[in-house]
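data.cif follows (mmCIF, C-alpha atoms):
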data_entry
loop_
_atom_site.label_atom_id
_atom_site.label_comp_id
_atom_site.auth_asym_id
_atom_site.auth_seq_id
_atom_site.Cartn_x
_atom_site.Cartn_y
_atom_site.Cartn_z
CA MET N 1 -14.02 4.54 -37.19
CA ILE N 2 -17.01 3.50 -35.09
CA PHE N 3 -16.59 0.90 -32.35
CA SER N 4 -18.26 -2.47 -32.68
CA ALA N 5 -20.06 -3.92 -29.68
CA LYS N 6 -17.65 -6.79 -29.11
CA ARG N 7 -14.26 -6.61 -27.48
CA ASP N 8 -11.39 -6.17 -29.90
CA VAL N 9 -7.95 -7.76 -30.04
CA PHE N 10 -6.22 -4.39 -30.62
CA LEU N 11 -7.88 -2.80 -27.59
CA GLU N 12 -6.89 -5.85 -25.54
CA MET N 13 -3.29 -5.50 -26.75
CA LEU N 14 -3.20 -1.79 -25.89
CA SER N 15 -4.43 -2.61 -22.39
CA THR N 16 -1.74 -5.29 -22.05
CA ILE N 17 0.94 -2.79 -23.08
CA ALA N 18 -0.37 -0.30 -20.50
CA ASP N 19 -0.38 -2.91 -17.74
CA ASN N 20 3.25 -3.75 -18.49
CA VAL N 21 4.18 -0.06 -18.33
CA ARG N 22 2.36 0.37 -14.99
CA ASP N 23 3.93 -2.82 -13.58
CA SER N 24 7.39 -1.63 -14.58
CA ALA N 25 6.79 1.75 -12.90
CA LYS N 26 5.61 0.00 -9.74
CA TYR N 27 8.73 -2.17 -9.73
CA PHE N 28 10.84 0.98 -10.26
CA VAL N 29 9.25 2.66 -7.23
CA ASP N 30 9.19 -0.38 -4.94
CA PHE N 31 12.66 -1.82 -5.57
CA LYS N 32 15.10 -0.97 -2.77
CA ILE N 33 18.72 -0.46 -3.86
CA LYS N 34 21.34 -1.04 -1.19
CA ASN N 35 24.49 -1.91 -3.12
CA GLU N 36 26.03 -2.44 -6.58
CA GLU N 37 24.54 -5.93 -6.94
CA ASP N 38 21.09 -4.48 -6.35
CA LEU N 39 21.79 -1.90 -9.05
CA LYS N 40 22.60 -4.65 -11.53
CA GLU N 41 19.45 -6.59 -10.63
CA PHE N 42 17.38 -3.41 -10.91
CA ALA N 43 18.73 -2.51 -14.35
CA THR N 44 18.36 -6.09 -15.60
CA LYS N 45 14.74 -6.32 -14.49
CA MET N 46 13.85 -2.99 -16.06
CA LYS N 47 15.47 -4.20 -19.30
CA GLU N 48 13.20 -7.27 -19.14
CA TYR N 49 10.13 -5.03 -18.88
CA GLU N 50 11.39 -2.96 -21.82
CA THR N 51 12.06 -6.08 -23.92
CA LYS N 52 8.56 -7.38 -23.15
CA GLY N 53 7.18 -4.00 -24.26
CA ASP N 54 9.10 -4.20 -27.55
CA LYS N 55 7.60 -7.65 -28.13
CA TYR N 56 4.08 -6.28 -27.62
CA ILE N 57 4.76 -3.44 -30.09
CA HIS N 58 5.99 -5.93 -32.67
CA GLU N 59 2.87 -8.06 -32.17
CA ILE N 60 0.55 -5.11 -32.65
CA ILE N 61 2.35 -4.04 -35.84
CA VAL N 62 2.09 -7.57 -37.25
CA ALA N 63 -1.62 -7.71 -36.36
CA LEU N 64 -2.24 -4.31 -37.98
CA ASN N 65 -0.58 -5.50 -41.18
CA LYS N 66 -2.86 -8.55 -41.27
CA THR N 67 -6.14 -6.86 -40.38
CA PHE N 68 -8.40 -4.94 -42.75
CA ILE N 69 -10.89 -3.50 -40.25
CA THR N 70 -9.62 -2.02 -36.97
CA PRO N 71 -11.58 -0.52 -34.04
CA LEU N 72 -9.66 2.77 -34.28
CA GLU N 73 -7.65 4.50 -36.97
CA ARG N 74 -4.48 2.49 -37.56
CA GLU N 75 -2.25 5.48 -36.87
CA ASP N 76 -4.02 6.08 -33.54
CA ILE N 77 -3.48 2.49 -32.43
CA LEU N 78 0.19 2.63 -33.36
CA GLU N 79 0.73 6.11 -31.91
CA LEU N 80 -0.84 5.10 -28.59
CA ALA N 81 1.21 1.90 -28.43
CA ASN N 82 4.45 3.74 -29.25
CA ALA N 83 3.74 6.56 -26.78
CA MET N 84 3.28 4.00 -23.99
CA ASP N 85 6.46 2.25 -25.11
CA ASP N 86 8.34 5.55 -24.84
CA ILE N 87 7.46 5.65 -21.12
CA LEU N 88 8.98 2.20 -20.72
CA ASP N 89 12.08 3.11 -22.73
CA GLY N 90 12.62 6.14 -20.50
CA MET N 91 12.40 4.10 -17.30
CA GLU N 92 14.80 1.49 -18.66
CA GLN N 93 17.23 4.24 -19.70
CA CYS N 94 16.98 5.76 -16.23
CA ALA N 95 17.67 2.41 -14.53
CA SER N 96 20.70 1.84 -16.76
CA ARG N 97 22.06 5.29 -15.81
CA PHE N 98 21.71 4.47 -12.10
CA GLU N 99 23.84 1.38 -12.70
CA MET N 100 26.30 3.18 -15.00
CA TYR N 101 26.87 6.00 -12.49
CA ASN N 102 26.75 3.61 -9.51
CA ILE N 103 24.08 5.64 -7.74
CA THR N 104 22.73 3.49 -4.91
CA GLN N 105 20.76 6.22 -3.13
CA ALA N 106 17.96 8.12 -4.86
CA ASP N 107 17.43 11.63 -3.50
CA ASP N 108 14.07 13.10 -2.47
CA TYR N 109 13.53 14.68 -5.90
CA MET N 110 14.03 11.38 -7.71
CA ILE N 111 11.64 9.67 -5.32
CA GLU N 112 9.05 12.37 -5.97
CA PHE N 113 9.50 12.01 -9.75
CA THR N 114 8.99 8.24 -9.59
CA LYS N 115 5.83 8.59 -7.49
CA LYS N 116 4.32 10.99 -10.03
CA ILE N 117 5.35 8.75 -12.93
CA LEU N 118 3.80 5.70 -11.24
CA GLU N 119 0.60 7.67 -10.69
CA SER N 120 0.60 8.66 -14.37
CA THR N 121 1.08 5.07 -15.54
CA GLU N 122 -1.80 3.99 -13.30
CA GLU N 123 -3.97 6.58 -15.06
CA VAL N 124 -2.75 5.26 -18.44
CA ALA N 125 -3.69 1.69 -17.47
CA LYS N 126 -7.14 2.81 -16.30
CA SER N 127 -7.63 4.70 -19.56
CA THR N 128 -6.82 1.74 -21.79
CA LYS N 129 -9.25 -0.44 -19.83
CA LEU N 130 -11.96 2.16 -20.42
CA LEU N 131 -10.97 2.23 -24.09
CA ASN N 132 -11.33 -1.54 -24.17
CA LYS N 133 -14.84 -1.19 -22.71
CA LYS N 134 -15.69 1.54 -25.29
CA LYS N 135 -16.23 4.10 -22.49
CA LEU N 136 -14.52 6.92 -24.33
CA MET N 137 -15.87 9.93 -22.45
CA ASP N 138 -14.86 8.35 -19.13
CA ILE N 139 -11.22 8.51 -20.27
CA ARG N 140 -11.03 12.31 -20.28
CA PRO N 141 -10.62 12.84 -16.49
CA HIS N 142 -7.70 10.40 -16.53
CA ALA N 143 -6.06 12.25 -19.44
CA ILE N 144 -6.50 15.54 -17.56
CA LYS N 145 -4.89 14.00 -14.46
CA ILE N 146 -1.88 12.82 -16.52
CA ASN N 147 -1.45 16.34 -17.92
CA ASP N 148 -1.61 17.77 -14.40
CA LEU N 149 1.06 15.34 -13.18
CA GLU N 150 3.29 16.30 -16.12
CA SER N 151 2.98 19.97 -15.12
CA GLN N 152 4.01 19.03 -11.59
CA CYS N 153 7.07 17.23 -12.98
CA ASP N 154 7.97 20.33 -15.03
CA GLU N 155 7.96 22.40 -11.86
CA LEU N 156 9.88 19.72 -9.95
CA LEU N 157 12.58 19.75 -12.64
CA ARG N 158 13.04 23.51 -12.28
CA VAL N 159 13.28 23.26 -8.51
CA CYS N 160 15.67 20.30 -8.35
CA ILE N 161 18.11 21.62 -10.97
CA LYS N 162 18.23 25.02 -9.26
CA GLU N 163 18.90 23.27 -5.95
CA LEU N 164 21.54 21.04 -7.56
CA PHE N 165 23.60 23.99 -8.82
CA ILE N 166 23.33 25.78 -5.49
CA LYS N 167 24.29 22.88 -3.22
CA GLU N 168 26.44 20.44 -5.22
CA LYS N 169 30.12 21.28 -5.80
CA ASP N 170 31.26 18.12 -7.62
CA PRO N 171 30.92 18.82 -11.38
CA ILE N 172 30.66 15.11 -12.22
CA LYS N 173 27.82 14.62 -9.78
CA ILE N 174 26.09 17.75 -11.13
CA MET N 175 26.28 16.32 -14.64
CA GLN N 176 24.98 12.89 -13.57
CA TYR N 177 22.11 14.15 -11.42
CA LYS N 178 21.05 16.76 -13.96
CA GLU N 179 20.83 14.05 -16.62
CA LEU N 180 18.78 11.79 -14.34
CA TYR N 181 16.37 14.60 -13.42
CA GLU N 182 15.90 15.39 -17.11
CA ILE N 183 15.27 11.74 -17.95
CA PHE N 184 12.59 11.59 -15.25
CA GLU N 185 10.94 14.71 -16.67
CA SER N 186 11.08 13.29 -20.20
CA ILE N 187 9.27 10.17 -18.94
CA SER N 188 6.49 12.40 -17.67
CA ASP N 189 6.45 14.07 -21.12
CA SER N 190 5.91 10.63 -22.65
CA CYS N 191 2.98 10.11 -20.26
CA GLU N 192 1.55 13.41 -21.49
CA ASP N 193 1.97 12.19 -25.10
CA VAL N 194 -0.22 9.21 -24.18
CA ALA N 195 -2.85 11.55 -22.73
CA ASP N 196 -2.78 13.70 -25.88
CA THR N 197 -3.21 10.62 -28.08
CA LEU N 198 -6.14 9.47 -25.94
CA GLU N 199 -7.74 12.90 -26.37
CA THR N 200 -7.35 12.57 -30.14
CA ILE N 201 -8.98 9.14 -30.06
CA ILE N 202 -11.88 10.51 -28.00
CA MET N 203 -12.36 13.38 -30.45
CA ARG N 204 -12.35 11.11 -33.50
CA ASN N 205 -14.57 8.35 -32.11
CA ALA N 206 -16.93 9.76 -29.49
#
Is it possible to express this structure as structure tokens?
Amino acid sequence: MIFSAKRDVFLEMLSTIADNVRDSAKYFVDFKIKNEEDLKEFATKMKEYETKGDKYIHEIIVALNKTFITPLEREDILELANAMDDILDGMEQCASRFEMYNITQADDYMIEFTKKILESTEEVAKSTKLLNKKKLMDIRPHAIKINDLESQCDELLRVCIKELFIKEKDPIKIMQYKELYEIFESISDSCEDVADTLETIIMRNA
């Protein structure tokens, strides 16, 4: 479907969803955990971001059901919204695991994962703003960057799990850390899903 010249409510909503995802990733990276109370606050705040994201998804579904003409294919709007929401769900799940396992100190690998995820969400937010401005071809470099960051997270997962089995002797800690590493990598996969959806939108509308 061809873009109209004016700004569109669905493109505004997609940008709002992306901003919430980026803000949640920034909070995830910036929050300093020192004790169990901090863990609880961290998990609670991430749940608030996730709940806000669910509200935005509901609003976009309601609007789609009420609107005859949309700026993009309906399935593309919904797929992009849901892919961004998957990033948020992953971060909330990760925060809840930190609290559940009482992990108050992230290791260097976790810190590296969160930095790459934050960078990816910043690229997602930039992309949706370009989408809102109808600058489709300008989105592609951001999608490529997201894919590159996901590849880096794939490699990081291989390295950190290998290191975990070599150095860690506590089987419970191995299980917990392996799960957390895999959740981080799955968040980067969700970022890649966003990039792939953006590429599809470019192909269909450029």
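For the pair CA of Thr67 in chain N and CA of Gly53 in chain N, the separation is 21.1 Å.
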What lies within 12 Å of Asp189 in chain N using all atoms listed in the file, ignoring chain neighbours under 6 positions off, as an MDAnalysis selection string?
chainID N and resid 83:84 86:87 90 113 116:117 120:121 146:154 157 182:183 195:196
Picked residues, the PyMOL selection byres ((chain N and resi 22-24) around 10), as a VMD selection string:
chain N and resid 16 to 21 25 to 30 45 to 50 53 84 87 to 88 91 to 92 117 to 126
Go ahead and dump the residues you just picked, C-alpha atoms, as a tab-separated table (two decimals), in the coordinates of the input.
chain	number	residue	atom	x	y	z
N	16	THR	CA	-1.74	-5.29	-22.05
N	17	ILE	CA	0.94	-2.79	-23.08
N	18	ALA	CA	-0.37	-0.30	-20.50
N	19	ASP	CA	-0.38	-2.91	-17.74
N	20	ASN	CA	3.25	-3.75	-18.49
N	21	VAL	CA	4.18	-0.06	-18.33
N	25	ALA	CA	6.79	1.75	-12.90
N	26	LYS	CA	5.61	0.00	-9.74
N	27	TYR	CA	8.73	-2.17	-9.73
N	28	PHE	CA	10.84	0.98	-10.26
N	29	VAL	CA	9.25	2.66	-7.23
N	30	ASP	CA	9.19	-0.38	-4.94
N	45	LYS	CA	14.74	-6.32	-14.49
N	46	MET	CA	13.85	-2.99	-16.06
N	47	LYS	CA	15.47	-4.20	-19.30
N	48	GLU	CA	13.20	-7.27	-19.14
N	49	TYR	CA	10.13	-5.03	-18.88
N	50	GLU	CA	11.39	-2.96	-21.82
N	53	GLY	CA	7.18	-4.00	-24.26
N	84	MET	CA	3.28	4.00	-23.99
N	87	ILE	CA	7.46	5.65	-21.12
N	88	LEU	CA	8.98	2.20	-20.72
N	91	MET	CA	12.40	4.10	-17.30
N	92	GLU	CA	14.80	1.49	-18.66
N	117	ILE	CA	5.35	8.75	-12.93
N	118	LEU	CA	3.80	5.70	-11.24
N	119	GLU	CA	0.60	7.67	-10.69
N	120	SER	CA	0.60	8.66	-14.37
N	121	THR	CA	1.08	5.07	-15.54
N	122	GLU	CA	-1.80	3.99	-13.30
N	123	GLU	CA	-3.97	6.58	-15.06
N	124	VAL	CA	-2.75	5.26	-18.44
N	125	ALA	CA	-3.69	1.69	-17.47
N	126	LYS	CA	-7.14	2.81	-16.30
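Here CA of Met137 in chain N and CA of Asp193 in chain N stand 18.2 Å from one another.
Interatomic distance, CA of Leu39 in chain N against CA of Lys55 in chain N: 24.5 Å.
If you measure from each of N:Lys40, N:Ile202, N:Met100, N:Phe10 to Val62 in chain N using all atoms listed in the file, the closest one turns out to be N:Phe10.
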Can you turn the PyMOL selection byres ((chain N and resi 76) around 10) into a concrete residue list for this file, as a VMD selection string?
chain N and resid 72 to 75 77 to 82 197 to 198 200 to 201 204
